[in-house]
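entry25.txt (compact mmCIF, C-alpha atoms)
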```
# COMPACT_ATOMS: atom_id res chain seq x y z
CA MET A 1 17.18 18.77 -13.61
CA ALA A 2 20.74 19.23 -12.52
CA SER A 3 20.67 16.16 -10.30
CA ARG A 4 20.74 12.68 -11.72
CA GLN A 5 17.63 11.02 -13.09
CA VAL A 6 15.71 8.95 -10.55
CA TYR A 7 14.01 5.80 -11.78
CA PHE A 8 11.11 3.85 -10.34
CA GLU A 9 13.48 1.13 -9.15
CA ASP A 10 15.39 3.71 -7.10
CA VAL A 11 12.40 4.62 -4.95
CA GLU A 12 11.30 2.61 -1.95
CA VAL A 13 9.08 3.12 1.07
CA GLY A 14 10.92 5.61 3.26
CA SER A 15 13.06 6.99 0.44
CA GLU A 16 14.12 10.57 1.07
CA ILE A 17 13.17 13.18 -1.50
CA PRO A 18 15.67 16.04 -1.72
CA GLN A 19 14.40 18.98 0.30
CA LEU A 20 13.48 22.35 -1.22
CA GLU A 21 13.93 25.53 0.80
CA LYS A 22 11.66 28.53 0.20
CA GLU A 23 11.39 31.91 1.89
CA PRO A 24 8.71 33.92 0.11
CA THR A 25 9.03 37.69 0.58
CA THR A 26 6.43 40.38 -0.14
CA GLN A 27 8.32 41.00 -3.41
CA GLN A 28 7.77 37.38 -4.41
CA LEU A 29 4.05 37.72 -3.64
CA VAL A 30 3.85 40.70 -5.99
CA LYS A 31 5.68 38.76 -8.70
CA TYR A 32 3.37 35.80 -8.21
CA ALA A 33 0.30 38.06 -8.30
CA GLY A 34 1.47 39.42 -11.65
CA ALA A 35 2.43 36.05 -13.12
CA SER A 36 -0.72 34.25 -12.01
CA GLY A 37 -3.22 37.08 -12.38
CA ASP A 38 -4.37 36.70 -8.77
CA TYR A 39 -4.76 40.32 -7.69
CA TYR A 40 -6.71 39.72 -4.50
CA GLN A 41 -5.46 42.63 -2.32
CA ILE A 42 -4.92 40.51 0.80
CA HIS A 43 -1.67 39.37 -0.86
CA TYR A 44 -0.06 42.81 -1.28
CA ASP A 45 -2.11 45.57 0.37
CA LYS A 46 -1.45 45.55 4.12
CA ASP A 47 -4.24 48.02 4.98
CA PHE A 48 -6.71 45.98 2.99
CA ALA A 49 -5.55 42.78 4.72
CA LEU A 50 -5.84 44.37 8.19
CA LYS A 51 -9.35 45.60 7.40
CA ASN A 52 -10.22 41.99 6.57
CA ASN A 53 -9.18 40.80 10.04
CA LEU A 54 -5.90 39.36 8.79
CA PRO A 55 -2.62 39.92 10.63
CA GLY A 56 -1.08 41.40 7.47
CA VAL A 57 -0.58 40.35 3.86
CA ILE A 58 -0.72 36.60 3.44
CA ILE A 59 0.98 34.20 1.07
CA HIS A 60 -1.09 32.91 -1.86
CA GLY A 61 -2.11 29.31 -1.21
CA ALA A 62 -1.47 28.71 -4.90
CA LEU A 63 2.16 29.82 -4.46
CA LYS A 64 2.63 27.13 -1.80
CA ASN A 65 1.00 24.75 -4.26
CA ALA A 66 3.53 25.85 -6.90
CA PHE A 67 6.40 25.13 -4.47
CA LEU A 68 5.10 21.59 -4.04
CA GLY A 69 4.94 21.28 -7.83
CA GLN A 70 8.58 22.36 -8.01
CA LEU A 71 9.58 19.86 -5.32
CA MET A 72 7.99 17.08 -7.36
CA THR A 73 9.15 18.06 -10.85
CA ASP A 74 12.70 18.44 -9.47
CA PHE A 75 12.46 14.93 -8.10
CA ALA A 76 10.81 13.46 -11.20
CA GLY A 77 13.53 14.82 -13.46
CA GLU A 78 13.15 15.30 -17.18
CA LEU A 79 12.04 11.69 -17.74
CA GLY A 80 9.39 11.73 -15.04
CA TRP A 81 5.87 13.04 -15.24
CA LEU A 82 3.86 14.45 -12.39
CA ARG A 83 0.53 12.68 -12.66
CA LYS A 84 -1.35 13.95 -9.58
CA LEU A 85 -0.84 16.67 -7.04
CA SER A 86 -3.19 17.47 -4.18
CA VAL A 87 -2.94 20.30 -1.73
CA GLN A 88 -5.11 21.45 1.17
CA TYR A 89 -4.40 24.73 2.87
CA ARG A 90 -4.57 24.24 6.63
CA GLY A 91 -3.56 27.71 7.61
CA MET A 92 -2.47 31.13 6.41
CA ASP A 93 1.16 32.20 6.36
CA GLN A 94 2.72 35.64 6.26
CA PRO A 95 5.91 36.61 4.47
CA ILE A 96 8.70 35.95 5.15
CA ALA A 97 7.72 32.37 5.92
CA ARG A 98 10.36 29.75 5.79
CA TYR A 99 9.41 26.45 4.22
CA GLY A 100 11.50 23.36 4.09
CA LEU A 101 9.50 21.26 1.70
CA LYS A 102 10.19 17.64 2.20
CA ALA A 103 8.48 14.47 1.15
CA THR A 104 8.21 11.36 3.25
CA LYS A 105 6.50 8.01 3.10
CA ALA A 106 7.09 6.98 -0.47
CA LYS A 107 4.71 4.13 -1.25
CA ARG A 108 5.29 1.78 -4.11
CA LEU A 109 2.45 1.38 -6.52
CA LEU A 110 2.41 -0.30 -9.89
CA ARG A 111 4.79 1.78 -12.01
CA ALA A 112 3.98 4.75 -9.88
CA VAL A 113 5.13 6.30 -6.67
CA GLN A 114 2.80 7.88 -4.18
CA LEU A 115 4.17 10.23 -1.60
CA SER A 116 3.01 12.61 1.03
CA SER A 117 4.75 15.67 2.32
CA PHE A 118 4.90 18.15 5.12
CA HIS A 119 6.68 21.40 5.74
CA PRO A 120 8.89 20.98 8.78
CA GLY A 121 9.72 24.68 8.68
CA THR A 122 6.26 25.65 9.89
CA ARG A 123 5.33 22.61 11.94
CA ASP A 124 5.66 24.14 15.34
CA LYS A 125 3.53 27.15 14.46
CA ARG A 126 -0.18 27.33 15.06
CA THR A 127 -0.79 27.50 11.33
CA ARG A 128 -0.10 24.26 9.68
CA ALA A 129 1.32 24.36 6.24
CA PRO A 130 -0.30 22.63 3.28
CA HIS A 131 -0.30 18.93 3.16
CA ALA A 132 0.03 17.21 -0.15
CA ARG A 133 -0.40 13.82 -1.67
CA TRP A 134 0.67 13.05 -5.14
CA MET A 135 1.55 10.37 -7.52
CA LEU A 136 4.43 10.34 -9.90
CA ILE A 137 4.50 8.19 -12.97
CA MET A 138 8.17 7.57 -13.49
CA ALA A 139 9.77 6.83 -16.79
CA ALA A 140 10.05 3.11 -17.57
CA MET B 1 -27.48 22.57 9.30
CA ALA B 2 -27.85 23.06 5.58
CA LYS B 3 -28.59 26.69 6.17
CA TYR B 4 -27.08 27.91 2.94
CA VAL B 5 -26.77 24.76 0.87
CA THR B 6 -30.47 24.31 0.28
CA GLU B 7 -31.97 21.76 -2.05
CA GLU B 8 -32.42 24.56 -4.53
CA ALA B 9 -28.72 25.42 -4.25
CA THR B 10 -27.59 21.82 -4.82
CA GLN B 11 -29.56 21.75 -8.06
CA GLN B 12 -26.81 23.96 -9.43
CA ILE B 13 -24.28 21.10 -9.16
CA GLY B 14 -23.23 20.15 -12.66
CA LYS B 15 -23.61 23.69 -13.92
CA VAL B 16 -21.00 24.45 -16.59
CA SER B 17 -19.43 27.77 -17.55
CA GLU B 18 -18.84 29.14 -21.02
CA PRO B 19 -15.44 28.00 -22.32
CA ARG B 20 -12.62 30.54 -22.45
CA THR B 21 -9.56 30.12 -24.68
CA TYR B 22 -6.04 31.44 -24.04
CA GLU B 23 -2.91 31.38 -26.14
CA VAL B 24 0.07 30.27 -24.05
CA GLU B 25 3.01 32.63 -24.46
CA ARG B 26 6.56 31.45 -23.88
CA GLY B 27 7.29 34.60 -21.85
CA ALA B 28 4.30 33.94 -19.60
CA ILE B 29 5.66 30.47 -18.77
CA ARG B 30 9.08 31.95 -17.96
CA ARG B 31 7.57 34.72 -15.84
CA PHE B 32 5.50 32.19 -13.91
CA ALA B 33 8.54 30.01 -13.25
CA GLU B 34 10.52 33.08 -12.22
CA ALA B 35 7.79 34.19 -9.80
CA VAL B 36 7.79 30.75 -8.17
CA GLY B 37 11.59 30.74 -8.13
CA ASP B 38 11.83 27.58 -10.24
CA PRO B 39 14.96 27.51 -12.42
CA ASN B 40 14.13 24.14 -14.07
CA PRO B 41 15.32 24.46 -17.70
CA LEU B 42 12.12 22.71 -18.87
CA PHE B 43 10.21 25.85 -17.86
CA ASN B 44 12.88 28.41 -18.75
CA ASP B 45 15.28 27.43 -21.49
CA GLU B 46 14.05 26.34 -24.92
CA LYS B 47 17.51 25.27 -26.08
CA LEU B 48 18.11 22.93 -23.14
CA ALA B 49 14.49 21.73 -23.07
CA ARG B 50 14.81 20.65 -26.72
CA LYS B 51 17.38 18.05 -25.68
CA THR B 52 14.88 16.39 -23.32
CA HIS B 53 12.19 13.91 -24.36
CA PHE B 54 9.64 16.75 -24.14
CA GLY B 55 11.36 18.26 -27.19
CA GLY B 56 10.95 21.82 -25.96
CA MET B 57 9.75 24.03 -23.14
CA ILE B 58 6.67 23.06 -21.17
CA ALA B 59 4.67 24.82 -18.46
CA PRO B 60 5.19 24.03 -14.75
CA PRO B 61 2.45 22.06 -12.94
CA THR B 62 0.45 24.95 -11.53
CA PHE B 63 0.85 27.30 -14.54
CA CYS B 64 -2.86 26.69 -15.22
CA ARG B 65 -3.57 29.07 -12.34
CA SER B 66 -2.62 31.90 -14.71
CA LEU B 67 -5.25 30.79 -17.24
CA GLY B 68 -8.16 32.39 -15.44
CA ALA B 69 -11.03 29.98 -15.04
CA PRO B 70 -14.50 31.30 -15.80
CA ILE B 71 -16.24 31.98 -12.49
CA LEU B 72 -19.53 30.19 -12.03
CA ASP B 73 -22.44 32.21 -10.79
CA VAL B 74 -23.54 30.02 -7.91
CA LYS B 75 -26.53 31.25 -5.95
CA LEU B 76 -26.43 30.78 -2.21
CA SER B 77 -28.53 32.55 0.39
CA MET B 78 -25.46 34.27 1.84
CA SER B 79 -25.87 38.00 1.60
CA GLN B 80 -22.27 38.72 2.55
CA PHE B 81 -19.36 36.37 2.71
CA ARG B 82 -15.61 36.12 2.70
CA GLY B 83 -13.77 33.76 0.43
CA LEU B 84 -10.82 31.48 1.03
CA ASP B 85 -8.91 29.13 -1.23
CA GLY B 86 -9.21 25.69 0.33
CA GLY B 87 -6.91 23.74 -1.96
CA SER B 88 -6.67 21.94 -5.27
CA ASP B 89 -6.50 18.38 -6.58
CA TRP B 90 -4.68 18.22 -9.89
CA GLU B 91 -4.42 15.57 -12.54
CA TYR B 92 -2.01 15.93 -15.42
CA PHE B 93 -2.33 14.19 -18.77
CA GLU B 94 -0.45 16.16 -21.44
CA PRO B 95 2.18 18.90 -21.25
CA ILE B 96 1.17 22.49 -21.98
CA ARG B 97 3.60 24.13 -24.42
CA PRO B 98 4.28 27.64 -25.70
CA GLY B 99 1.90 28.46 -28.55
CA ASP B 100 -0.82 26.09 -27.32
CA ARG B 101 -4.38 27.33 -27.33
CA ILE B 102 -5.89 26.16 -24.06
CA THR B 103 -9.62 26.15 -23.54
CA VAL B 104 -10.67 26.45 -19.91
CA GLN B 105 -14.07 25.42 -18.65
CA SER B 106 -15.46 25.30 -15.12
CA LYS B 107 -18.09 22.97 -13.72
CA LEU B 108 -19.68 23.08 -10.29
CA ALA B 109 -18.74 19.65 -8.92
CA ASP B 110 -19.87 19.85 -5.30
CA LEU B 111 -21.47 22.08 -2.67
CA ARG B 112 -21.18 21.21 1.00
CA GLU B 113 -21.68 23.01 4.26
CA SER B 114 -20.18 22.53 7.67
CA GLU B 115 -19.86 24.36 10.94
CA GLY B 116 -16.29 25.55 11.43
CA ARG B 117 -14.27 27.76 13.71
CA LEU B 118 -15.47 30.77 11.72
CA GLY B 119 -19.13 29.76 11.80
CA PRO B 120 -21.01 28.10 8.97
CA MET B 121 -18.77 27.44 6.00
CA VAL B 122 -19.72 26.50 2.47
CA PHE B 123 -17.27 24.38 0.48
CA MET B 124 -17.63 24.81 -3.24
CA THR B 125 -15.68 22.44 -5.50
CA THR B 126 -15.16 23.55 -9.07
CA GLU B 127 -13.78 21.17 -11.64
CA ILE B 128 -11.72 23.10 -14.16
CA THR B 129 -10.70 21.37 -17.38
CA TYR B 130 -7.81 22.59 -19.54
CA THR B 131 -8.01 21.31 -23.13
CA ASN B 132 -5.49 22.02 -25.90
CA GLN B 133 -6.09 22.87 -29.56
CA TYR B 134 -6.00 19.15 -30.47
CA GLY B 135 -8.88 18.38 -28.15
CA GLU B 136 -6.58 16.66 -25.62
CA VAL B 137 -7.30 17.27 -21.95
CA CYS B 138 -3.98 18.52 -20.52
CA ALA B 139 -5.04 18.95 -16.92
CA ILE B 140 -7.99 18.90 -14.55
CA GLN B 141 -8.00 21.01 -11.42
CA ARG B 142 -10.58 20.39 -8.70
CA ALA B 143 -10.43 23.60 -6.73
CA THR B 144 -12.20 24.02 -3.40
CA GLY B 145 -13.34 27.50 -2.48
CA ILE B 146 -14.59 28.27 1.01
CA ARG B 147 -17.26 30.87 1.75
CA TYR B 148 -17.91 31.90 5.31
```
Final structure tokens representation of the file:
Amino acid sequence: MASRQVYFEDVEVGSEIPQLEKEPTTQQLVKYAGASGDYYQIHYDKDFALKNNLPGVIIHGALKNAFLGQLMTDFAGELGWLRKLSVQYRGMDQPIARYGLKATKAKRLLRAVQLSSFHPGTRDKRTRAPHARWMLIMAA
Amino acid sequence: MAKYVTEEATQQIGKVSEPRTYEVERGAIRRFAEAVGDPNPLFNDEKLARKTHFGGMIAPPTFCRSLGAPILDVKLSMSQFRGLDGGSDWEYFEPIRPGDRITVQSKLADLRESEGRLGPMVFMTTEITYTNQYGEVCAIQRATGIRY
């Protein structure tokens, strides 16, 4: 909300959305478990995760989803409204993962903007980070 | 194919849970935003949020994840399985505010099966509706759970 308000007229195909950097730690996973009520042990109990054939504790998909939400509400500003947000988890990530959330391919729709995003920070890894599509209804 | 998603299983599509109602606490919104690392004043600061056209604090987009959705008892012929979160499609209609009473209801929207890297996988889509005390639908989450 600190940055200036973006309006529909400001957004074109290829417009850059300001990037958001995230580096979730195990401490953040514990905080997210508490705040969301998701106490599945694979997110904080290493022994439990190993017993379940995981390489260690893994980041909640829903936390990655929340990061995408933040990216979009930051961009929408206080006059914008996030209308749709879609996320598919393509792989599992371990803390501390580094995400550079970035949106590309803004498409103009009638009074709305549709975008898609990727996480360049994890692109070269075997696990692919979530992919999202969303639509923003911007203030008139 | 269709080893687990039998005709009998697909008859459960459309099945609806009991509704569950939560009161949204201001502190819970702040704690959620803090856990995500989102300093947006709309989710953290009532005084600043009052100056916006929302007129006060609202919940961030995925706050609904903290309003536990009733789990549907879906019968599949899988004796043992592991679960994965496959993703979510969200639609937002009205803001959720501190003090709101949000009723959460789950509906089994789809059951599919495919052969994946991990063997047969069942994709279960649950449509979760979040309705406020005025009867307005605030959000719909279509969550896909994977069983394998």
Requested in this report: For chain B, work out the contacting residues on chain A at 9 Å, counting all atoms listed in the file, and write them as an MDAnalysis selection string.
Outcome: chainID A and resid 1:2 22 24 28:38 52 60:67 69:70 73:74 78:79 81:90 130 134
Requested in this report: Would you work out the distance separating CA of Leu111 in chain B from CA of Ala69 in chain B, expressed in Å to one decimal?
Outcome: 18.0 Å
Query raised in the report: Which polymer residues have any atom within 6 Å of an atom of range 112-126 of chain B, counting all atoms listed in the file, with same-chain residues fewer than 2 positions away left out, as a ChimeraX atom specification?
Result: /B:107-110,142-148
Query - Separation of CA of Gln105 in chain B from CA of Leu76 in chain B in Å - result: 21.3 Å
Query raised in the report: Between CA of Glu18 in chain B and CA of Ile71 in chain B, what is the spacing in Å?
Result: 9.4 Å
Listed atoms of range 93-106 of chain B boxed along x, y and z, 5 Å each side, centre and edge lengths in Å, one decimal, as JSON:
```
{"center_x": -5.6, "center_y": 21.3, "center_z": -21.8, "size_x": 29.7, "size_y": 24.3, "size_z": 23.4}
```
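Candidate residues B:Glu7, B:Gly83, B:Asp73, B:Val104 were compared for distance to Ile42 in chain A, and the nearest is B:Gly83, using all atoms listed in the file.
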Query raised in the report: With all atoms listed in the file as the basis for distance, which of B:Gly55, B:Pro70, B:Gly14, B:Gly27 is at the shortest distance from Thr103 in chain B?
Result: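 Residue with the minimum atom-to-atom distance to Thr103 in chain B: B:Pro70.
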Leaving out Thr26 in chain A and any residue of its chain fewer than 6 positions from it, which residues lie within 12 Å of it when counting all atoms listed in the file, given as a tab-separated table (two decimals) with C-alpha atoms, in the frame of the given file?
```tsv
chain	number	residue	atom	x	y	z
A	32	TYR	CA	3.37	35.80	-8.21
A	33	ALA	CA	0.30	38.06	-8.30
A	42	ILE	CA	-4.92	40.51	0.80
A	43	HIS	CA	-1.67	39.37	-0.86
A	44	TYR	CA	-0.06	42.81	-1.28
A	45	ASP	CA	-2.11	45.57	0.37
A	46	LYS	CA	-1.45	45.55	4.12
A	56	GLY	CA	-1.08	41.40	7.47
A	57	VAL	CA	-0.58	40.35	3.86
A	58	ILE	CA	-0.72	36.60	3.44
A	59	ILE	CA	0.98	34.20	1.07
A	60	HIS	CA	-1.09	32.91	-1.86
A	93	ASP	CA	1.16	32.20	6.36
A	94	GLN	CA	2.72	35.64	6.26
A	95	PRO	CA	5.91	36.61	4.47
A	96	ILE	CA	8.70	35.95	5.15
A	97	ALA	CA	7.72	32.37	5.92
B	35	ALA	CA	7.79	34.19	-9.80
```
Query raised in the report: So, counting all atoms listed in the file, which residue among A:Glu21, A:Gln5, A:Ser15, A:Leu54 is closest to Gln41 in chain A?
Result: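 Ranking A:Glu21, A:Gln5, A:Ser15, A:Leu54 by distance to Gln41 in chain A, first place goes to A:Leu54.
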Test item: write range 88-118 of chain B with N, CA and C atoms as an mmCIF file, in the first residue's frame:
```
data_model
loop_
_atom_site.group_PDB
_atom_site.id
_atom_site.type_symbol
_atom_site.label_atom_id
_atom_site.label_comp_id
_atom_site.auth_asym_id
_atom_site.auth_seq_id
_atom_site.Cartn_x
_atom_site.Cartn_y
_atom_site.Cartn_z
ATOM 1 N N SER B 88 -5.652 -24.638 -5.148
ATOM 2 C CA SER B 88 -6.952 -24.006 -4.886
ATOM 3 C C SER B 88 -7.280 -22.976 -5.961
ATOM 4 N N ASP B 89 -8.562 -22.919 -6.310
ATOM 5 C CA ASP B 89 -9.076 -21.834 -7.158
ATOM 6 C C ASP B 89 -9.992 -21.002 -6.286
ATOM 7 N N TRP B 90 -9.677 -19.731 -6.184
ATOM 8 C CA TRP B 90 -10.450 -18.835 -5.309
ATOM 9 C C TRP B 90 -11.247 -17.831 -6.131
ATOM 10 N N GLU B 91 -12.407 -17.494 -5.587
ATOM 11 C CA GLU B 91 -13.161 -16.353 -6.108
ATOM 12 C C GLU B 91 -13.544 -15.507 -4.908
ATOM 13 N N TYR B 92 -13.398 -14.206 -5.075
ATOM 14 C CA TYR B 92 -13.684 -13.292 -3.963
ATOM 15 C C TYR B 92 -14.796 -12.318 -4.339
ATOM 16 N N PHE B 93 -15.745 -12.181 -3.433
ATOM 17 C CA PHE B 93 -16.912 -11.333 -3.711
ATOM 18 C C PHE B 93 -17.056 -10.173 -2.723
ATOM 19 N N GLU B 94 -16.860 -10.453 -1.447
ATOM 20 C CA GLU B 94 -17.024 -9.435 -0.398
ATOM 21 C C GLU B 94 -15.864 -9.575 0.576
ATOM 22 N N PRO B 95 -15.421 -8.427 1.159
ATOM 23 C CA PRO B 95 -14.346 -8.551 2.152
ATOM 24 C C PRO B 95 -14.833 -9.229 3.438
ATOM 25 N N ILE B 96 -13.910 -9.912 4.091
ATOM 26 C CA ILE B 96 -14.175 -10.481 5.420
ATOM 27 C C ILE B 96 -13.554 -9.531 6.432
ATOM 28 N N ARG B 97 -14.345 -9.147 7.440
ATOM 29 C CA ARG B 97 -13.909 -8.125 8.396
ATOM 30 C C ARG B 97 -13.907 -8.676 9.822
ATOM 31 N N PRO B 98 -13.135 -8.028 10.698
ATOM 32 C CA PRO B 98 -13.165 -8.443 12.111
ATOM 33 C C PRO B 98 -14.604 -8.366 12.636
ATOM 34 N N GLY B 99 -14.991 -9.351 13.416
ATOM 35 C CA GLY B 99 -16.337 -9.383 13.991
ATOM 36 C C GLY B 99 -17.352 -10.113 13.125
ATOM 37 N N ASP B 100 -16.998 -10.390 11.866
ATOM 38 C CA ASP B 100 -17.916 -11.137 10.993
ATOM 39 C C ASP B 100 -18.126 -12.534 11.532
ATOM 40 N N ARG B 101 -19.305 -13.053 11.270
ATOM 41 C CA ARG B 101 -19.576 -14.470 11.566
ATOM 42 C C ARG B 101 -19.657 -15.172 10.214
ATOM 43 N N ILE B 102 -18.653 -16.015 9.969
ATOM 44 C CA ILE B 102 -18.535 -16.657 8.662
ATOM 45 C C ILE B 102 -18.953 -18.123 8.766
ATOM 46 N N THR B 103 -19.915 -18.471 7.933
ATOM 47 C CA THR B 103 -20.366 -19.860 7.884
ATOM 48 C C THR B 103 -19.669 -20.571 6.724
ATOM 49 N N VAL B 104 -19.073 -21.703 7.058
ATOM 50 C CA VAL B 104 -18.267 -22.448 6.089
ATOM 51 C C VAL B 104 -18.962 -23.770 5.777
ATOM 52 N N GLN B 105 -19.102 -24.031 4.509
ATOM 53 C CA GLN B 105 -19.735 -25.290 4.107
ATOM 54 C C GLN B 105 -18.958 -25.908 2.947
ATOM 55 N N SER B 106 -18.807 -27.225 3.004
ATOM 56 C CA SER B 106 -18.052 -27.939 1.965
ATOM 57 C C SER B 106 -18.992 -28.776 1.112
ATOM 58 N N LYS B 107 -18.663 -28.856 -0.173
ATOM 59 C CA LYS B 107 -19.441 -29.704 -1.079
ATOM 60 C C LYS B 107 -18.464 -30.489 -1.944
ATOM 61 N N LEU B 108 -18.712 -31.764 -2.104
ATOM 62 C CA LEU B 108 -17.868 -32.562 -3.000
ATOM 63 C C LEU B 108 -18.217 -32.193 -4.445
ATOM 64 N N ALA B 109 -17.271 -31.549 -5.138
ATOM 65 C CA ALA B 109 -17.552 -31.034 -6.479
ATOM 66 C C ALA B 109 -17.114 -31.995 -7.573
ATOM 67 N N ASP B 110 -16.047 -32.760 -7.314
ATOM 68 C CA ASP B 110 -15.543 -33.639 -8.369
ATOM 69 C C ASP B 110 -14.652 -34.742 -7.790
ATOM 70 N N LEU B 111 -14.664 -35.865 -8.441
ATOM 71 C CA LEU B 111 -13.789 -36.998 -8.093
ATOM 72 C C LEU B 111 -13.222 -37.547 -9.388
ATOM 73 N N ARG B 112 -11.900 -37.546 -9.507
ATOM 74 C CA ARG B 112 -11.276 -38.064 -10.715
ATOM 75 C C ARG B 112 -10.109 -38.966 -10.336
ATOM 76 N N GLU B 113 -9.701 -39.781 -11.264
ATOM 77 C CA GLU B 113 -8.577 -40.661 -10.987
ATOM 78 C C GLU B 113 -7.625 -40.647 -12.172
ATOM 79 N N SER B 114 -6.348 -40.657 -11.888
ATOM 80 C CA SER B 114 -5.395 -40.800 -12.991
ATOM 81 C C SER B 114 -4.167 -41.538 -12.498
ATOM 82 N N GLU B 115 -3.399 -42.020 -13.460
ATOM 83 C CA GLU B 115 -2.192 -42.756 -13.136
ATOM 84 C C GLU B 115 -1.041 -41.761 -13.138
ATOM 85 N N GLY B 116 -0.395 -41.596 -12.001
ATOM 86 C CA GLY B 116 0.700 -40.630 -11.927
ATOM 87 C C GLY B 116 2.011 -41.304 -11.607
ATOM 88 N N ARG B 117 3.006 -40.486 -11.360
ATOM 89 C CA ARG B 117 4.339 -40.942 -10.997
ATOM 90 C C ARG B 117 4.298 -41.845 -9.770
ATOM 91 N N LEU B 118 3.365 -41.522 -8.858
ATOM 92 C CA LEU B 118 3.279 -42.231 -7.581
ATOM 93 C C LEU B 118 2.265 -43.371 -7.633
#
```
